[in-house]
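Colleague: Before I ask anything, let me first share the structure, which is written out below as structure tokens.
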Amino acid sequence: MRIAIVTGASSGLGKEYVKELSRFYKKLDEIWVIARRRECLLELQKESEIPLRIFSGDLKEDNIYEALNRELAYRRPNLRMLINCAGVGKYGLFEQANEEESLEMIALNCYGLTKMICLCRPYLRKGSRILQVASAAAITAQPYFSVYAATKAYIKSLSLALASEMRKDKIYVTCVCPGPIKTEFLELSGSDKKYHSNRFLTTPNFVVTHSLVAALKKKPLCICGPYMKATWLLGKLLPETVSVKFMYFFNIYKQEFSFL
């Protein structure tokens, strides 16, 4: 059985990945989708060209991993692609943040993503891909988005290291770093009020298509779009202390563009 696994599949990028996978993998038997909102996954099941196997649950809790592990051990699938897309973010000052929300970001963005790789690694075969959704926030530390940006830096660092380690087994890891996207994440994170125009916003379809092509080309890093590539280059050229000050003033004055 040839499968792909997508976390965070109920909305946004995760949902778009499920829809687009049939264009990139013609011989998938199933896509295993993971998200909290079962009703959204059932709706997605009607839209998908490839049969979906639904795992509804919270990646911050152990029971979803136990269910997935049992199914993997029973089916012994050929896992062609793991897409780690689940994530959460919260905009605001660290000292004013809810402690539970801050720890939730770390639990889902870092622990959850790492746990998924550990569970799925035995089922990855020659030519398999891992696609990790990070963010342009991984470029530098980001005041007012401090924990979120730190978790995304973790994803980028881990992904690039794994890309080097796993290449010898012909398993290819791609880290995706998009900028702000027109999804519900902007509203849920509280960062939607920073955008007064759509100039720098991109669509889920653009990011998904761009990143899947990068994964198939075995690229370890995918920076989505010309604005983000320019931002990435600027972040590399500036000393990090300067970049952090730059981000502080952009965020505090709610300019129409920030690194997400």
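Going by the structure tokens order, chains are called A, B, ..., each with residues numbered from 1, while ligands are numbered from 1 in the order shown.
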Using only C-alpha atoms, determine which residues lie at most 8 Å from A:Phe94, disregarding the query and same-chain residues fewer than 2 positions distant; provide the list as an NGL selection string.
Modeller: :A and (92 or 96-97 or 144-147)
Colleague: Per residue of stretch 85-130 of chain A within 12 Å of stretch 210-220 of chain A, which atom pair is closest and at what distance in Å (one decimal), using only C-alpha atoms, listed by chain and increasing number, as JSON lines?
Modeller:
{"residue": "A:Cys85", "atom": "CA", "partner": "A:Ser211", "partner_atom": "CA", "distance": 11.9}
{"residue": "A:Gly127", "atom": "CA", "partner": "A:Leu216", "partner_atom": "CA", "distance": 9.4}
{"residue": "A:Ser128", "atom": "CA", "partner": "A:Leu216", "partner_atom": "CA", "distance": 9.5}
{"residue": "A:Arg129", "atom": "CA", "partner": "A:Ala215", "partner_atom": "CA", "distance": 6.9}
{"residue": "A:Ile130", "atom": "CA", "partner": "A:Ala215", "partner_atom": "CA", "distance": 8.0}
Colleague: Using only C-alpha atoms, which residue out of A:Ala73, A:Glu39, A:Trp232, A:Cys118 lies closest to A:Ser135?
Modeller: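 Result for the nearest residue to A:Ser135: A:Trp232.
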Colleague: Wanna dump the stretch 64-118 of chain A-stretch 7-18 of chain A contacts at 7 Å for me, each residue with its shortest atom pair and the distance in Å to one decimal, counting only C-alpha atoms, ordered by chain and number, as a tab-separated table?
Modeller:
residue	atom	partner	partner_atom	distance
A:Ile83	CA	A:Thr7	CA	6.4
A:Asn84	CA	A:Thr7	CA	5.4
A:Cys85	CA	A:Thr7	CA	5.3
A:Ala86	CA	A:Gly8	CA	3.9
Colleague: Put those residues in a file: N, CA, C and O atoms, as an mmCIF file, in the first residue's frame.
Modeller:
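Result file is result-v5.cif:
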data_model
loop_
_atom_site.group_PDB
_atom_site.id
_atom_site.type_symbol
_atom_site.label_atom_id
_atom_site.label_comp_id
_atom_site.auth_asym_id
_atom_site.auth_seq_id
_atom_site.Cartn_x
_atom_site.Cartn_y
_atom_site.Cartn_z
ATOM 1 N N ILE A 83 3.757 14.855 5.219
ATOM 2 C CA ILE A 83 3.646 16.313 5.193
ATOM 3 C C ILE A 83 3.256 16.787 6.584
ATOM 4 O O ILE A 83 2.123 16.583 7.035
ATOM 5 N N ASN A 84 4.191 17.397 7.276
ATOM 6 C CA ASN A 84 3.945 17.949 8.608
ATOM 7 C C ASN A 84 3.481 19.393 8.462
ATOM 8 O O ASN A 84 4.285 20.309 8.312
ATOM 9 N N CYS A 85 2.167 19.562 8.518
ATOM 10 C CA CYS A 85 1.586 20.884 8.261
ATOM 11 C C CYS A 85 0.888 21.470 9.477
ATOM 12 O O CYS A 85 0.638 22.664 9.529
ATOM 13 N N ALA A 86 0.573 20.629 10.466
ATOM 14 C CA ALA A 86 -0.142 21.120 11.655
ATOM 15 C C ALA A 86 0.712 22.131 12.406
ATOM 16 O O ALA A 86 1.923 21.942 12.572
#
Colleague: Could you pull out all residues of stretch 19-254 of chain A with a DSSP call of strand (DSSP E) and give them as an NGL selection string?
Modeller: :A and (30-35 or 52-56 or 78-84 or 124-133 or 172-177 or 221-223)
Colleague: Could those residues be written to a file, using N, CA, C and O atoms, as a short mmCIF file (atom, residue, chain, number, x, y, z; two decimals), in the first residue's frame?
Modeller:
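out-v7.cif, freshly written:
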data_model
loop_
_atom_site.label_atom_id
_atom_site.label_comp_id
_atom_site.auth_asym_id
_atom_site.auth_seq_id
_atom_site.Cartn_x
_atom_site.Cartn_y
_atom_site.Cartn_z
N GLU A 30 -3.88 5.57 -0.72
CA GLU A 30 -4.62 6.31 0.29
C GLU A 30 -3.81 7.51 0.75
O GLU A 30 -2.58 7.51 0.67
N ILE A 31 -4.53 8.50 1.28
CA ILE A 31 -3.90 9.59 2.03
C ILE A 31 -4.44 9.49 3.45
O ILE A 31 -5.66 9.46 3.66
N TRP A 32 -3.55 9.42 4.41
CA TRP A 32 -3.96 9.39 5.82
C TRP A 32 -3.94 10.82 6.33
O TRP A 32 -2.89 11.49 6.29
N VAL A 33 -5.07 11.29 6.80
CA VAL A 33 -5.20 12.70 7.20
C VAL A 33 -5.42 12.78 8.71
O VAL A 33 -6.17 12.00 9.30
N ILE A 34 -4.77 13.76 9.32
CA ILE A 34 -4.81 13.94 10.77
C ILE A 34 -5.20 15.37 11.09
O ILE A 34 -4.57 16.32 10.59
N ALA A 35 -6.21 15.54 11.92
CA ALA A 35 -6.63 16.87 12.38
C ALA A 35 -7.64 16.69 13.50
O ALA A 35 -8.18 15.61 13.71
N LEU A 52 -9.31 8.66 1.54
CA LEU A 52 -8.71 9.17 2.76
C LEU A 52 -8.97 8.22 3.91
O LEU A 52 -10.06 7.66 4.04
N ARG A 53 -7.96 8.03 4.76
CA ARG A 53 -8.13 7.33 6.02
C ARG A 53 -8.02 8.39 7.12
O ARG A 53 -6.99 9.06 7.24
N ILE A 54 -9.06 8.54 7.90
CA ILE A 54 -9.18 9.66 8.84
C ILE A 54 -8.69 9.29 10.23
O ILE A 54 -9.08 8.26 10.78
N PHE A 55 -7.85 10.16 10.78
CA PHE A 55 -7.42 10.08 12.17
C PHE A 55 -7.76 11.42 12.81
O PHE A 55 -7.07 12.42 12.57
N SER A 56 -8.82 11.46 13.57
CA SER A 56 -9.21 12.73 14.19
C SER A 56 -8.70 12.75 15.63
O SER A 56 -8.94 11.82 16.40
N ASN A 78 3.91 1.56 2.41
CA ASN A 78 5.04 2.23 1.77
C ASN A 78 4.71 3.73 1.82
O ASN A 78 3.91 4.22 1.02
N LEU A 79 5.29 4.42 2.76
CA LEU A 79 4.98 5.84 2.98
C LEU A 79 5.80 6.70 2.02
O LEU A 79 6.99 6.90 2.21
N ARG A 80 5.12 7.21 1.01
CA ARG A 80 5.81 7.98 -0.03
C ARG A 80 6.06 9.42 0.39
O ARG A 80 7.05 10.03 -0.01
N MET A 81 5.16 9.99 1.19
CA MET A 81 5.36 11.38 1.62
C MET A 81 4.69 11.63 2.96
O MET A 81 3.53 11.29 3.16
N LEU A 82 5.45 12.22 3.87
CA LEU A 82 4.92 12.73 5.13
C LEU A 82 4.93 14.25 5.05
O LEU A 82 5.98 14.86 4.82
N ILE A 83 3.76 14.85 5.22
CA ILE A 83 3.65 16.31 5.19
C ILE A 83 3.26 16.79 6.58
O ILE A 83 2.12 16.58 7.04
N ASN A 84 4.19 17.40 7.28
CA ASN A 84 3.95 17.95 8.61
C ASN A 84 3.48 19.39 8.46
O ASN A 84 4.28 20.31 8.31
N LEU A 124 9.25 4.85 5.71
CA LEU A 124 9.76 5.61 4.57
C LEU A 124 10.71 4.73 3.77
O LEU A 124 11.56 4.05 4.33
N ARG A 125 10.55 4.76 2.46
CA ARG A 125 11.35 3.91 1.58
C ARG A 125 12.23 4.78 0.68
O ARG A 125 12.16 6.00 0.70
N LYS A 126 13.03 4.12 -0.11
CA LYS A 126 13.86 4.82 -1.09
C LYS A 126 12.98 5.71 -1.96
O LYS A 126 11.99 5.25 -2.53
N GLY A 127 13.35 6.99 -2.04
CA GLY A 127 12.58 7.94 -2.84
C GLY A 127 11.46 8.64 -2.09
O GLY A 127 10.79 9.51 -2.64
N SER A 128 11.23 8.28 -0.82
CA SER A 128 10.19 8.94 -0.03
C SER A 128 10.59 10.38 0.30
O SER A 128 11.78 10.72 0.29
N ARG A 129 9.58 11.18 0.58
CA ARG A 129 9.80 12.59 0.94
C ARG A 129 9.19 12.93 2.29
O ARG A 129 8.15 12.37 2.67
N ILE A 130 9.84 13.85 2.97
CA ILE A 130 9.25 14.51 4.14
C ILE A 130 9.17 15.99 3.82
O ILE A 130 10.18 16.59 3.42
N LEU A 131 8.00 16.56 3.97
CA LEU A 131 7.81 17.99 3.70
C LEU A 131 7.36 18.66 5.00
O LEU A 131 6.34 18.30 5.56
N GLN A 132 8.17 19.60 5.47
CA GLN A 132 7.91 20.26 6.76
C GLN A 132 7.55 21.73 6.52
O GLN A 132 8.31 22.46 5.90
N VAL A 133 6.40 22.13 7.03
CA VAL A 133 5.97 23.52 6.87
C VAL A 133 6.52 24.35 8.02
O VAL A 133 6.05 24.23 9.16
N TYR A 172 14.25 12.19 1.06
CA TYR A 172 14.53 13.61 0.84
C TYR A 172 13.60 14.49 1.68
O TYR A 172 12.38 14.30 1.69
N VAL A 173 14.20 15.43 2.39
CA VAL A 173 13.46 16.31 3.31
C VAL A 173 13.47 17.73 2.75
O VAL A 173 14.53 18.25 2.39
N THR A 174 12.31 18.34 2.71
CA THR A 174 12.17 19.72 2.24
C THR A 174 11.50 20.56 3.32
O THR A 174 10.44 20.19 3.84
N CYS A 175 12.11 21.69 3.65
CA CYS A 175 11.53 22.64 4.59
C CYS A 175 10.90 23.79 3.80
O CYS A 175 11.57 24.41 2.97
N VAL A 176 9.64 24.06 4.05
CA VAL A 176 8.91 25.11 3.33
C VAL A 176 8.80 26.35 4.20
O VAL A 176 8.37 26.27 5.35
N CYS A 177 9.20 27.48 3.65
CA CYS A 177 9.16 28.75 4.40
C CYS A 177 8.33 29.77 3.64
O CYS A 177 8.86 30.60 2.90
N LEU A 221 15.32 23.21 0.89
CA LEU A 221 14.69 24.44 1.37
C LEU A 221 13.87 25.06 0.26
O LEU A 221 14.31 25.16 -0.89
N CYS A 222 12.65 25.47 0.60
CA CYS A 222 11.75 26.09 -0.37
C CYS A 222 11.26 27.41 0.20
O CYS A 222 10.49 27.44 1.16
N ILE A 223 11.74 28.51 -0.37
CA ILE A 223 11.28 29.85 0.01
C ILE A 223 10.25 30.27 -1.04
O ILE A 223 10.57 30.37 -2.22
#
Colleague: May I ask for the distance between atom CA of A:Arg37 and atom CA of A:Ile64, given in Å to one decimal place?
Modeller: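 Separation of atom CA of A:Arg37 and atom CA of A:Ile64: 12.9 Å.
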Colleague: Which is closer to A:Met228 than all the others in A:Ile171, A:Ala137, A:Glu101, A:Ala150, using only C-alpha atoms?
Modeller: A:Ala137
Colleague: Name the residues of stretch 5-195 of chain A that fall into helix (DSSP H, G or I) according to DSSP on the backbone, using the chain letters and numbers of this document, as a PyMOL selection string.
Modeller: chain A and resi 12-24+38-47+62-75+94-96+99-123+136-139+146-169+185-189+192-194
Colleague: Neighbours of A:Pro77 within 7 Å (only C-alpha atoms; same-chain residues fewer than 3 positions away dropped), as an mmCIF file with N, CA, C and O atoms, in the first residue's frame?
Modeller:
data_model
loop_
_atom_site.group_PDB
_atom_site.id
_atom_site.type_symbol
_atom_site.label_atom_id
_atom_site.label_comp_id
_atom_site.auth_asym_id
_atom_site.auth_seq_id
_atom_site.Cartn_x
_atom_site.Cartn_y
_atom_site.Cartn_z
ATOM 1 N N MET A 1 0.845 -1.197 0.000
ATOM 2 C CA MET A 1 0.000 0.000 0.000
ATOM 3 C C MET A 1 0.881 1.249 0.000
ATOM 4 O O MET A 1 1.718 1.438 0.859
ATOM 5 N N ARG A 2 0.664 2.102 -0.977
ATOM 6 C CA ARG A 2 1.414 3.358 -1.093
ATOM 7 C C ARG A 2 0.545 4.485 -0.533
ATOM 8 O O ARG A 2 -0.578 4.702 -1.012
ATOM 9 N N ILE A 3 1.082 5.185 0.462
ATOM 10 C CA ILE A 3 0.279 6.217 1.117
ATOM 11 C C ILE A 3 1.077 7.512 1.274
ATOM 12 O O ILE A 3 2.308 7.533 1.142
ATOM 13 N N LEU A 72 -0.158 1.907 11.396
ATOM 14 C CA LEU A 72 1.085 1.739 10.634
ATOM 15 C C LEU A 72 1.653 0.330 10.824
ATOM 16 O O LEU A 72 2.077 -0.317 9.863
ATOM 17 N N TYR A 123 8.715 3.514 7.964
ATOM 18 C CA TYR A 123 7.879 3.200 6.803
ATOM 19 C C TYR A 123 8.249 4.028 5.567
ATOM 20 O O TYR A 123 7.608 3.904 4.529
#
